[in-house]
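For reference, the structure discussed in these notes is given below.
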Amino acid sequence: MKLLAGKVALITGGSRGIGAAIVRRMVEEGANVAFTYLSSAEKANDLAAGLTNQYGVQVQAYGSNAADFAQAETLVGDVMRDFGKIDILVNNAGITRDNLMLRMTEEQWDEVINTNLKSVFNLTKHALRPMLKAKSGSIINMSSIVGVTGNAGQANYAASKAGIFGFTKSVAKEVGSRSIRCNAIAPGFIETEMTEALDEKTREAYFASIPMKRFGKGEEVANVCVFLGADMSAYVSGQTISVCGALNC
Ligand code: NAP
């Protein structure tokens with residue numbers, strides 16, 4: 001029996017990187033999957049069509065800005081119309097706009113906070129309504145070990161990811177009595193376009209500090225999403241699971 005058979009997952013930022021790996025792994029485990037993108041329409045639609053053909057489940061891509069409250073409301077309405085329910089919400093969409101504090105602009109701060117943290121509020125707020133009605137659901141928020149450790153040049157990113165921890169624990173306490181769970185994942189250094197953008201010196205410094213002496217793969221983060229979305233984690237809530245090759249321990 002597949003771990004997510006019959007479940008519906010909504011994943012933000014599923015067109016590339018970790019999000020695309022989550023889409024793929026959840027489909028492989030039998031879920032019907034709705035996922036979003038911001039600008040990669042072709043990539044997203046190709047991924048949805050390919051997985052639908054291969055696995056025979058419903059996979060659909062939606063263009064929706066997770067940072068926009070009204071767009072999040074419309075998205076949840078569209079997914080409820082197209083899929084009928086939302087069992088799993090993965091708040092994965094995220095960006096970096098790195099700069100040292102003295103050079104960081106207000107725009108860089110706002111963009112990162114809105115995309116990485118406000119988006120988690122936007123989607124959770126709207127997806128909670130159908131979950132509360134169903135008296136079940138699993139919300140998974142993509143944080144980062146940078147939210148725990150901080151990182152020079154990433155005050156905006158670290159603040160957004162640290163904010164997710166407090167949000168996750170609060171929501172878990174608020175809706176636990178309705179059998180809705182809320183957890184966070186804190187990846188370390190995962191090979192995606194986000195980390196490809198870093199210069200060689202920074203990559204080398206990260207590499208040297210990872211006890212397992214390798215970077216992580218999107219699929220390895222996606223596997224933890226499958227666990228948290230599946231019924232086998234039914235008593236796990238309000239927690240953060242690091243996926244970081246022992247970087248954060
Ligand atoms: P990525 O390769 O840059 O992909 C980002 C994804 O988010 C894309 O699908 C992008 O859509 C989407 N996105 C960006 N802004 C959006 C918005 N406003 N609304 C909707 N979708 C949006 O990033 P990644 O490395 O896979 O990271 C995924 C998540 O993991 C992020 O939250 C990131 O902070 C977190 N994380 C990553 C690492 C790492 O080492 N890679 C480590 C820790 C945490 P488009 O394709 O349309 O642009």
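Letters A, B, ... mark the chains of the structure tokens in the order given; residue numbers begin at 1 per chain; ligand numbers begin at 1, in order shown.
Residues lying within 12 Å of Asp82 of chain A, counting only C-alpha atoms and ignoring same-chain neighbours fewer than 3 positions away, are Val8, Leu10, Asn32, Val33, Ala34, Gln58, Val59, Gln60, Ala61, Tyr62, Leu75, Val76, Gly77, Asp78, Val79, Lys85 and Ile86 of chain A.
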| Which of segment 10-239 of chain A counts as strand (DSSP E) under DSSP, as a PyMOL selection string please? | chain A and resi 10-11+32-37+59-63+88-91+137-142+180-187
Expected file: the selected residues, N, CA, C and O atoms, as a compact mmCIF listing (two decimals), in the first residue's frame:
```txt
# COMPACT_ATOMS: atom_id res chain seq x y z
N LEU A 10 -1.31 19.93 -1.40
CA LEU A 10 -1.08 21.23 -2.04
C LEU A 10 0.33 21.67 -1.64
O LEU A 10 0.64 21.79 -0.46
N ILE A 11 1.17 21.90 -2.66
CA ILE A 11 2.58 22.24 -2.41
C ILE A 11 2.90 23.57 -3.09
O ILE A 11 2.67 23.72 -4.30
N ASN A 32 -2.72 12.61 -4.97
CA ASN A 32 -3.08 13.56 -6.02
C ASN A 32 -2.48 14.89 -5.59
O ASN A 32 -2.63 15.28 -4.42
N VAL A 33 -1.82 15.59 -6.52
CA VAL A 33 -1.03 16.75 -6.10
C VAL A 33 -1.36 18.02 -6.90
O VAL A 33 -1.32 18.03 -8.13
N ALA A 34 -1.68 19.07 -6.16
CA ALA A 34 -1.78 20.42 -6.71
C ALA A 34 -0.53 21.16 -6.28
O ALA A 34 -0.13 21.07 -5.12
N PHE A 35 0.12 21.85 -7.22
CA PHE A 35 1.31 22.61 -6.81
C PHE A 35 1.37 23.93 -7.54
O PHE A 35 0.74 24.12 -8.58
N THR A 36 2.14 24.86 -6.94
CA THR A 36 2.19 26.21 -7.51
C THR A 36 3.57 26.55 -8.07
O THR A 36 4.57 25.90 -7.75
N TYR A 37 3.59 27.60 -8.86
CA TYR A 37 4.83 28.19 -9.36
C TYR A 37 4.60 29.70 -9.40
O TYR A 37 3.45 30.15 -9.35
N VAL A 59 -2.48 15.48 -11.19
CA VAL A 59 -1.41 16.42 -10.83
C VAL A 59 -1.66 17.70 -11.62
O VAL A 59 -1.77 17.66 -12.84
N GLN A 60 -1.75 18.81 -10.93
CA GLN A 60 -2.10 20.06 -11.61
C GLN A 60 -1.25 21.22 -11.09
O GLN A 60 -1.05 21.34 -9.87
N ALA A 61 -0.75 22.04 -12.02
CA ALA A 61 0.06 23.21 -11.65
C ALA A 61 -0.79 24.48 -11.71
O ALA A 61 -1.62 24.63 -12.60
N TYR A 62 -0.57 25.37 -10.75
CA TYR A 62 -1.30 26.64 -10.67
C TYR A 62 -0.30 27.78 -10.55
O TYR A 62 0.59 27.73 -9.69
N GLY A 63 -0.45 28.81 -11.36
CA GLY A 63 0.35 30.02 -11.21
C GLY A 63 -0.24 30.82 -10.06
O GLY A 63 -1.40 31.23 -10.12
N ILE A 88 -2.94 17.55 2.84
CA ILE A 88 -1.56 17.93 3.17
C ILE A 88 -1.26 19.28 2.53
O ILE A 88 -1.52 19.48 1.34
N LEU A 89 -0.74 20.21 3.31
CA LEU A 89 -0.27 21.49 2.76
C LEU A 89 1.23 21.57 3.01
O LEU A 89 1.68 21.44 4.15
N VAL A 90 2.01 21.76 1.94
CA VAL A 90 3.46 21.96 2.10
C VAL A 90 3.80 23.39 1.71
O VAL A 90 3.70 23.77 0.54
N ASN A 91 4.16 24.20 2.70
CA ASN A 91 4.57 25.58 2.45
C ASN A 91 6.06 25.57 2.13
O ASN A 91 6.91 25.67 3.03
N GLY A 137 -5.64 16.86 8.90
CA GLY A 137 -4.76 17.58 7.98
C GLY A 137 -3.33 17.57 8.50
O GLY A 137 -3.08 17.39 9.69
N SER A 138 -2.40 17.74 7.57
CA SER A 138 -0.98 17.84 7.94
C SER A 138 -0.37 19.03 7.21
O SER A 138 -0.40 19.10 5.98
N ILE A 139 0.15 19.98 8.00
CA ILE A 139 0.78 21.17 7.42
C ILE A 139 2.29 21.04 7.63
O ILE A 139 2.74 20.75 8.75
N ILE A 140 3.04 21.23 6.55
CA ILE A 140 4.50 21.06 6.62
C ILE A 140 5.14 22.36 6.12
O ILE A 140 4.90 22.78 4.98
N ASN A 141 5.92 22.99 6.98
CA ASN A 141 6.52 24.28 6.63
C ASN A 141 8.03 24.12 6.38
O ASN A 141 8.75 23.59 7.24
N MET A 142 8.49 24.62 5.24
CA MET A 142 9.91 24.47 4.89
C MET A 142 10.70 25.63 5.49
O MET A 142 10.65 26.76 5.01
N ILE A 180 -5.36 18.11 13.45
CA ILE A 180 -4.55 18.74 12.40
C ILE A 180 -3.15 18.93 12.96
O ILE A 180 -2.99 19.45 14.08
N ARG A 181 -2.16 18.49 12.21
CA ARG A 181 -0.77 18.56 12.65
C ARG A 181 -0.03 19.64 11.89
O ARG A 181 -0.37 19.95 10.74
N CYS A 182 0.98 20.21 12.53
CA CYS A 182 1.79 21.24 11.86
C CYS A 182 3.25 21.04 12.27
O CYS A 182 3.57 21.06 13.47
N ASN A 183 4.11 20.80 11.31
CA ASN A 183 5.52 20.54 11.56
C ASN A 183 6.39 21.36 10.61
O ASN A 183 5.92 21.84 9.58
N ALA A 184 7.66 21.49 10.97
CA ALA A 184 8.61 22.20 10.10
C ALA A 184 9.76 21.27 9.73
O ALA A 184 10.08 20.34 10.48
N ILE A 185 10.35 21.54 8.59
CA ILE A 185 11.56 20.83 8.17
C ILE A 185 12.67 21.88 8.04
O ILE A 185 12.43 22.98 7.52
N ALA A 186 13.86 21.55 8.53
CA ALA A 186 14.99 22.47 8.42
C ALA A 186 16.10 21.82 7.59
O ALA A 186 16.96 21.12 8.14
N PRO A 187 16.07 22.04 6.27
CA PRO A 187 17.15 21.48 5.45
C PRO A 187 18.45 22.23 5.68
O PRO A 187 18.47 23.41 6.05
```
| said: List as number ranges by chain the protein and nucleic acid residues lying within 8 Å of ligand 1, with only C-alpha atoms and all ligand atoms counted. | reply: A: 12-20, 36-41, 43-44, 63-68, 91-96, 114-116, 119, 142-146, 157, 161, 186-195, 216, 218
| Distance query Met101 of chain A at most 9 Å, only C-alpha atoms, self and fewer than 5 positions along chain excluded, as a list in words |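 That gives Ala152, Gly153, Gln154, Ala155 and Asn156 of chain A.
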| task | Can you pull out every residue within 9 Å of Glu73 of chain A, counting only C-alpha atoms, but drop anything in the same chain fewer than 5 positions away, and send it as a PyMOL selection string? | result | chain A and resi 68+78+122-123+125-127
Resulting file, chosen residues, C-alpha atoms, as a PDB file, in the first residue's frame:
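Listed below is the output, selection27.pdb:
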```pdb
ATOM      1  CA  ASP A  68      -0.149  37.497  -1.940  1.00  0.00           C
ATOM      2  CA  ASP A  78      -9.506  26.485  -7.020  1.00  0.00           C
ATOM      3  CA  ASN A 122      -1.478  33.105   3.742  1.00  0.00           C
ATOM      4  CA  LEU A 123      -1.721  29.455   2.716  1.00  0.00           C
ATOM      5  CA  LYS A 125      -4.993  30.530   6.967  1.00  0.00           C
ATOM      6  CA  HIS A 126      -6.989  29.547   3.883  1.00  0.00           C
ATOM      7  CA  ALA A 127      -6.230  25.800   3.828  1.00  0.00           C
TER       8      ALA A 127
END
```
| query | Expressed in Å to a single decimal, how great is the separation between atom CA of Arg178 of chain A and atom CA of Lys135 of chain A? | reply |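 Straight-line distance from atom CA of Arg178 of chain A to atom CA of Lys135 of chain A works out to 5.0 Å.
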| task | Please provide as a PyMOL selection string all residues within 9 Å of segment 200-213 of chain A, with the sequence filter that same-chain residues fewer than 2 positions apart are discarded (counting only C-alpha atoms). | result | chain A and resi 188-189+195-196+198+215+244-248
Let's have the selection written as a PDB file, in the first residue's frame, with N, CA, C and O atoms.
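Okay, this is what ended up in again_25.pdb:
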```pdb
ATOM      1  N   GLY A 188      19.554  21.512   5.449  1.00  0.00           N
ATOM      2  CA  GLY A 188      20.872  22.148   5.459  1.00  0.00           C
ATOM      3  C   GLY A 188      21.170  22.646   4.057  1.00  0.00           C
ATOM      4  O   GLY A 188      20.403  23.426   3.496  1.00  0.00           O
ATOM      5  N   PHE A 189      22.264  22.174   3.487  1.00  0.00           N
ATOM      6  CA  PHE A 189      22.665  22.610   2.135  1.00  0.00           C
ATOM      7  C   PHE A 189      22.172  21.565   1.137  1.00  0.00           C
ATOM      8  O   PHE A 189      22.680  20.451   1.088  1.00  0.00           O
ATOM      9  N   THR A 195      21.025  27.089  -4.319  1.00  0.00           N
ATOM     10  CA  THR A 195      22.398  26.960  -3.804  1.00  0.00           C
ATOM     11  C   THR A 195      23.438  27.014  -4.929  1.00  0.00           C
ATOM     12  O   THR A 195      24.586  27.345  -4.678  1.00  0.00           O
ATOM     13  N   GLU A 196      23.006  26.709  -6.175  1.00  0.00           N
ATOM     14  CA  GLU A 196      23.916  26.853  -7.322  1.00  0.00           C
ATOM     15  C   GLU A 196      24.344  28.311  -7.479  1.00  0.00           C
ATOM     16  O   GLU A 196      25.423  28.612  -7.989  1.00  0.00           O
ATOM     17  N   LEU A 198      25.250  30.323  -5.289  1.00  0.00           N
ATOM     18  CA  LEU A 198      26.308  30.759  -4.350  1.00  0.00           C
ATOM     19  C   LEU A 198      27.688  30.675  -4.998  1.00  0.00           C
ATOM     20  O   LEU A 198      27.930  29.807  -5.843  1.00  0.00           O
ATOM     21  N   PHE A 215      26.614  17.351   0.008  1.00  0.00           N
ATOM     22  CA  PHE A 215      25.402  18.158   0.014  1.00  0.00           C
ATOM     23  C   PHE A 215      24.197  17.223  -0.073  1.00  0.00           C
ATOM     24  O   PHE A 215      24.319  16.075  -0.511  1.00  0.00           O
ATOM     25  N   CYS A 244      20.092  17.595   7.250  1.00  0.00           N
ATOM     26  CA  CYS A 244      21.265  18.448   7.057  1.00  0.00           C
ATOM     27  C   CYS A 244      22.608  17.729   7.170  1.00  0.00           C
ATOM     28  O   CYS A 244      23.640  18.386   7.328  1.00  0.00           O
ATOM     29  N   GLY A 245      22.610  16.394   7.125  1.00  0.00           N
ATOM     30  CA  GLY A 245      23.888  15.678   7.197  1.00  0.00           C
ATOM     31  C   GLY A 245      24.652  15.979   8.478  1.00  0.00           C
ATOM     32  O   GLY A 245      25.882  16.075   8.465  1.00  0.00           O
ATOM     33  N   ALA A 246      23.896  16.176   9.581  1.00  0.00           N
ATOM     34  CA  ALA A 246      24.458  16.424  10.922  1.00  0.00           C
ATOM     35  C   ALA A 246      25.089  17.817  11.074  1.00  0.00           C
ATOM     36  O   ALA A 246      25.801  18.079  12.049  1.00  0.00           O
ATOM     37  N   LEU A 247      24.792  18.717  10.143  1.00  0.00           N
ATOM     38  CA  LEU A 247      25.299  20.093  10.251  1.00  0.00           C
ATOM     39  C   LEU A 247      24.748  20.790  11.496  1.00  0.00           C
ATOM     40  O   LEU A 247      25.439  21.558  12.167  1.00  0.00           O
ATOM     41  N   ASN A 248      23.464  20.501  11.794  1.00  0.00           N
ATOM     42  CA  ASN A 248      22.813  21.149  12.933  1.00  0.00           C
ATOM     43  C   ASN A 248      22.584  20.127  14.050  1.00  0.00           C
ATOM     44  O   ASN A 248      21.496  19.602  14.205  1.00  0.00           O
TER      45      ASN A 248
END
```
| request: Determine, counting only C-alpha atoms, which protein, DNA and RNA residues have an atom within 10 Å of an atom of Phe167 of chain A; residues of the same chain fewer than 2 positions away are not included. Present the result as a list in words. | output: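 Final neighbour list, sorted by chain and number: Leu117, Val120, Phe121, Asn141, Ala162, Gly163, Ile164, Phe165, Lys169, Ser170, Val171, Ala172, Cys182, Asn183, Ala184 and Gly238 of chain A.
Proximity to Ser179 of chain A was assessed for A:Asp87, A:Asp110, A:Asp46, A:Asp199 counting only C-alpha atoms; the smallest distance is recorded for A:Asp87.
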| request: Using DSSP on the backbone, list every residue of segment 113-186 of chain A that comes out as alpha helix (DSSP H), and give them as a PyMOL selection string. | output: chain A and resi 113+119-134+146-149+155-175
Expected file contents, prior selection, C-alpha atoms, as a PDB file, in the first residue's frame:
```pdb
ATOM      1  CA  ILE A 113       9.761  38.107   4.606  1.00  0.00           C
ATOM      2  CA  SER A 119       3.206  33.058   2.470  1.00  0.00           C
ATOM      3  CA  VAL A 120       3.086  30.457   5.266  1.00  0.00           C
ATOM      4  CA  PHE A 121       0.406  32.523   7.028  1.00  0.00           C
ATOM      5  CA  ASN A 122      -1.478  33.105   3.742  1.00  0.00           C
ATOM      6  CA  LEU A 123      -1.721  29.455   2.716  1.00  0.00           C
ATOM      7  CA  THR A 124      -2.221  28.034   6.216  1.00  0.00           C
ATOM      8  CA  LYS A 125      -4.993  30.530   6.967  1.00  0.00           C
ATOM      9  CA  HIS A 126      -6.989  29.547   3.883  1.00  0.00           C
ATOM     10  CA  ALA A 127      -6.230  25.800   3.828  1.00  0.00           C
ATOM     11  CA  LEU A 128      -7.129  25.456   7.519  1.00  0.00           C
ATOM     12  CA  ARG A 129     -10.836  26.053   6.843  1.00  0.00           C
ATOM     13  CA  PRO A 130     -11.384  22.824   4.840  1.00  0.00           C
ATOM     14  CA  MET A 131      -9.001  20.939   7.169  1.00  0.00           C
ATOM     15  CA  LEU A 132     -10.997  22.052  10.228  1.00  0.00           C
ATOM     16  CA  LYS A 133     -14.199  20.891   8.533  1.00  0.00           C
ATOM     17  CA  ALA A 134     -12.591  17.519   7.766  1.00  0.00           C
ATOM     18  CA  VAL A 146      19.856  29.046   8.880  1.00  0.00           C
ATOM     19  CA  GLY A 147      16.735  29.868  10.939  1.00  0.00           C
ATOM     20  CA  VAL A 148      18.439  28.123  13.885  1.00  0.00           C
ATOM     21  CA  THR A 149      22.052  29.201  13.414  1.00  0.00           C
ATOM     22  CA  ALA A 155      19.518  38.388   8.222  1.00  0.00           C
ATOM     23  CA  ASN A 156      16.299  38.617   6.171  1.00  0.00           C
ATOM     24  CA  TYR A 157      16.319  34.922   5.238  1.00  0.00           C
ATOM     25  CA  ALA A 158      17.273  33.742   8.760  1.00  0.00           C
ATOM     26  CA  ALA A 159      14.525  35.907  10.301  1.00  0.00           C
ATOM     27  CA  SER A 160      11.926  34.511   7.882  1.00  0.00           C
ATOM     28  CA  LYS A 161      12.964  30.911   8.585  1.00  0.00           C
ATOM     29  CA  ALA A 162      13.169  31.413  12.373  1.00  0.00           C
ATOM     30  CA  GLY A 163       9.674  32.942  12.278  1.00  0.00           C
ATOM     31  CA  ILE A 164       8.398  29.683  10.795  1.00  0.00           C
ATOM     32  CA  PHE A 165       9.395  27.790  13.966  1.00  0.00           C
ATOM     33  CA  GLY A 166       7.210  29.928  16.250  1.00  0.00           C
ATOM     34  CA  PHE A 167       4.356  29.866  13.750  1.00  0.00           C
ATOM     35  CA  THR A 168       4.535  26.075  13.412  1.00  0.00           C
ATOM     36  CA  LYS A 169       4.432  25.427  17.170  1.00  0.00           C
ATOM     37  CA  SER A 170       1.575  27.907  17.690  1.00  0.00           C
ATOM     38  CA  VAL A 171      -0.584  26.424  14.926  1.00  0.00           C
ATOM     39  CA  ALA A 172       0.141  22.894  16.202  1.00  0.00           C
ATOM     40  CA  LYS A 173      -1.155  23.923  19.653  1.00  0.00           C
ATOM     41  CA  GLU A 174      -4.167  25.760  18.226  1.00  0.00           C
ATOM     42  CA  VAL A 175      -5.534  23.008  15.971  1.00  0.00           C
TER      43      VAL A 175
END
```
